[in-house]
Amino acid sequence: ITSVEALSFNKKYYVKQYRKLGVAETIGVSDQDLMKATDQLLDYIKGKVADLDVKVEIDGDMVPMFNQREIDHMVDVQVLMLKVLLIRNVLAVLSLLLIVFAIVSKDFKDLVLMRDSLVQGLMILGVVLGFIGIYAIVDFDAFWIQFHELLFTNDLWLLDPRTDRLIMMVPQAFFSGLVYRILTAIGLIISIALLSVYRLGKEIRYVAHRSI
């Protein structure tokens, strides 16, 4: 979840993709107005601002960047993101409590228990994320549609790329690149955990050899 948060709110990625995809030209706004709208959007998703009332200059007129359908969809996105971040924070506290318990009970000295716990957790995580990753790579369109149908109870996410500026800002190429980066980051985390399993295995074999 932290990987998702860090990468989804990385403004350098937005700037890079905006330039690559020619987003400002597509919408008909300046780079400054585009980033102003982006700042407002990201702050809104994280609950830092109360609304998406941001105006930009298009064809010499100051107009709202987002229409009502886009705003209504982002209400759903904000609720979802805040719930996900709350779950992350609760799990972080529980993890800290488990670490404290492991230290107090001296379970942390049980290398076999530690290794087996890591292996079981990684197996579950690997199956879930492996399926998601393969699905996204094989057919990103189907994956993205299924993702929205599972998470949202309405069709407000169905936006028109010809008229809705929100989808012009973040088209499919933007999201596919973001999803692949998130999967890569999670893959690196899993790789570090696998290295820990390997090192624990070596330590267990060393201890067992000394005991013999």
# chains A, B, ... in the order shown; residues from 1 in each chain; ligands from 1
$ closest_atom_pairs --of "stretch 84-188 of chain A" --to "stretch 67-71 of chain A" --cutoff "9 Å" --atoms "only C-alpha atoms" --output "Markdown table"
| residue | atom | partner | partner_atom | distance |
| --- | --- | --- | --- | --- |
| A:Leu156 | CA | A:Arg69 | CA | 6.4 |
| A:Trp157 | CA | A:Glu70 | CA | 7.9 |
| A:Leu159 | CA | A:Glu70 | CA | 7.7 |
| A:Asp164 | CA | A:Asn67 | CA | 7.4 |
| A:Arg165 | CA | A:Asn67 | CA | 8.2 |
| A:Leu166 | CA | A:Glu70 | CA | 6.7 |
| A:Ile167 | CA | A:Glu70 | CA | 8.9 |
$ write_last_selection --atoms "C-alpha atoms" --output "CSV table (one decimal), in the first residue's frame"
chain,number,residue,atom,x,y,z
A,156,LEU,CA,-19.0,7.3,-12.8
A,157,TRP,CA,-15.6,6.0,-13.7
A,159,LEU,CA,-15.4,8.9,-18.7
A,164,ASP,CA,-13.7,14.8,-19.9
A,165,ARG,CA,-10.4,16.5,-18.9
A,166,LEU,CA,-9.8,14.1,-16.1
A,167,ILE,CA,-9.3,11.2,-18.5
$ residues_around --residues "A:Phe174" --least-positions-apart "4" --cutoff "9 Å" --atoms "only C-alpha atoms" --output "count of residues only"
8
$ residues_around --residues "A:Gly47" --least-positions-apart "4" --cutoff "10 Å" --atoms "only C-alpha atoms" --output "mmCIF file with all heavy atoms, in the first residue's frame"
data_model
loop_
_atom_site.group_PDB
_atom_site.id
_atom_site.type_symbol
_atom_site.label_atom_id
_atom_site.label_comp_id
_atom_site.auth_asym_id
_atom_site.auth_seq_id
_atom_site.Cartn_x
_atom_site.Cartn_y
_atom_site.Cartn_z
ATOM 1 N N LEU A 41 -5.909 18.042 -7.458
ATOM 2 C CA LEU A 41 -6.456 16.681 -7.557
ATOM 3 C C LEU A 41 -5.800 15.746 -6.548
ATOM 4 O O LEU A 41 -6.494 15.016 -5.832
ATOM 5 C CB LEU A 41 -6.242 16.151 -8.986
ATOM 6 C CG LEU A 41 -6.755 14.750 -9.288
ATOM 7 C CD1 LEU A 41 -8.276 14.707 -9.195
ATOM 8 C CD2 LEU A 41 -6.288 14.301 -10.670
ATOM 9 N N LEU A 42 -4.487 15.758 -6.483
ATOM 10 C CA LEU A 42 -3.781 14.859 -5.570
ATOM 11 C C LEU A 42 -4.042 15.219 -4.112
ATOM 12 O O LEU A 42 -4.197 14.331 -3.260
ATOM 13 C CB LEU A 42 -2.283 14.886 -5.873
ATOM 14 C CG LEU A 42 -1.871 14.377 -7.260
ATOM 15 C CD1 LEU A 42 -0.358 14.440 -7.421
ATOM 16 C CD2 LEU A 42 -2.375 12.969 -7.502
ATOM 17 N N ASP A 43 -4.090 16.518 -3.822
ATOM 18 C CA ASP A 43 -4.390 16.939 -2.449
ATOM 19 C C ASP A 43 -5.811 16.528 -2.065
ATOM 20 O O ASP A 43 -6.064 16.150 -0.913
ATOM 21 C CB ASP A 43 -4.228 18.454 -2.316
ATOM 22 C CG ASP A 43 -2.775 18.886 -2.288
ATOM 23 O OD1 ASP A 43 -1.901 18.025 -2.069
ATOM 24 O OD2 ASP A 43 -2.501 20.085 -2.497
ATOM 25 N N ASP A 51 -12.344 20.401 -1.820
ATOM 26 C CA ASP A 51 -13.076 20.261 -3.084
ATOM 27 C C ASP A 51 -12.119 20.285 -4.271
ATOM 28 O O ASP A 51 -10.905 20.432 -4.110
ATOM 29 C CB ASP A 51 -14.114 21.379 -3.231
ATOM 30 C CG ASP A 51 -13.489 22.766 -3.101
ATOM 31 O OD1 ASP A 51 -12.499 23.041 -3.793
ATOM 32 O OD2 ASP A 51 -13.986 23.572 -2.279
ATOM 33 N N GLN A 78 -11.563 9.342 -3.491
ATOM 34 C CA GLN A 78 -11.055 9.841 -2.214
ATOM 35 C C GLN A 78 -11.455 8.916 -1.065
ATOM 36 O O GLN A 78 -10.623 8.568 -0.216
ATOM 37 C CB GLN A 78 -11.580 11.248 -1.935
ATOM 38 C CG GLN A 78 -11.019 11.846 -0.652
ATOM 39 C CD GLN A 78 -11.836 13.027 -0.163
ATOM 40 O OE1 GLN A 78 -13.012 12.887 0.158
ATOM 41 N NE2 GLN A 78 -11.213 14.198 -0.130
ATOM 42 N N VAL A 79 -12.730 8.507 -1.049
ATOM 43 C CA VAL A 79 -13.204 7.601 0.006
ATOM 44 C C VAL A 79 -12.408 6.305 -0.014
ATOM 45 O O VAL A 79 -11.974 5.798 1.023
ATOM 46 C CB VAL A 79 -14.713 7.310 -0.172
ATOM 47 C CG1 VAL A 79 -15.155 6.191 0.758
ATOM 48 C CG2 VAL A 79 -15.531 8.572 0.087
ATOM 49 N N MET A 81 -9.347 5.757 -1.293
ATOM 50 C CA MET A 81 -7.952 5.969 -0.915
ATOM 51 C C MET A 81 -7.800 6.155 0.587
ATOM 52 O O MET A 81 -6.893 5.582 1.209
ATOM 53 C CB MET A 81 -7.392 7.199 -1.647
ATOM 54 C CG MET A 81 -5.950 7.541 -1.279
ATOM 55 S SD MET A 81 -4.782 6.183 -1.569
ATOM 56 C CE MET A 81 -4.721 6.170 -3.368
ATOM 57 N N LEU A 82 -8.681 6.927 1.197
ATOM 58 C CA LEU A 82 -8.584 7.153 2.643
ATOM 59 C C LEU A 82 -8.808 5.862 3.418
ATOM 60 O O LEU A 82 -8.164 5.627 4.450
ATOM 61 C CB LEU A 82 -9.583 8.230 3.073
ATOM 62 C CG LEU A 82 -9.293 9.648 2.545
ATOM 63 C CD1 LEU A 82 -10.352 10.622 3.023
ATOM 64 C CD2 LEU A 82 -7.902 10.113 2.946
#
$ closest_residue --among "A:Ile87, A:Val119, A:Ala102, A:Val23" --to "A:Ala173" --atoms "only C-alpha atoms"
A:Val23
$ atom_distance --atom1 "atom CA of A:Thr38" --atom2 "atom CA of A:Asp72"
16.7 Å
$ closest_atom_pairs --of "stretch 96-148 of chain A" --to "stretch 192-205 of chain A" --cutoff "12 Å" --atoms "only C-alpha atoms" --output "tab-separated table"
residue	atom	partner	partner_atom	distance
A:Phe108	CA	A:Leu200	CA	11.8
A:Lys109	CA	A:Ile204	CA	11.0
A:Asp110	CA	A:Ile204	CA	9.5
A:Leu111	CA	A:Ile204	CA	6.5
A:Val112	CA	A:Ile204	CA	6.9
A:Leu113	CA	A:Leu200	CA	10.1
A:Met114	CA	A:Leu200	CA	8.0
A:Arg115	CA	A:Val197	CA	5.6
A:Asp116	CA	A:Val197	CA	8.4
A:Ser117	CA	A:Val197	CA	9.6
A:Leu118	CA	A:Val197	CA	6.8
A:Val119	CA	A:Val197	CA	7.1
A:Gln120	CA	A:Val197	CA	10.8
A:Gly121	CA	A:Ala193	CA	9.8
A:Leu122	CA	A:Ala193	CA	7.8
A:Met123	CA	A:Leu194	CA	10.5
A:Leu125	CA	A:Ala193	CA	11.3
A:Gly126	CA	A:Leu194	CA	11.0
$ select_by_dssp --residues "stretch 8-168 of chain A" --states "helix (DSSP H, G or I)" --output "PyMOL selection string"
chain A and resi 8+11-21+23-27+31-45+68-104+107-109+111-138+140-151+165-168
$ closest_residue --among "A:Phe66, A:Tyr206, A:Phe175, A:Phe101" --to "A:Trp144" --atoms "only C-alpha atoms"
A:Phe175
$ closest_residue --among "A:Val84, A:Val15, A:Leu94, A:Met65" --to "A:Thr163" --atoms "only C-alpha atoms"
A:Met65
$ closest_residue --among "A:Asn89, A:Asn154, A:Ser95, A:Thr184" --to "A:Val75" --atoms "only C-alpha atoms"
A:Asn154
$ atom_distance --atom1 "atom CA of A:Met168" --atom2 "atom CA of A:Phe131"
29.0 Å
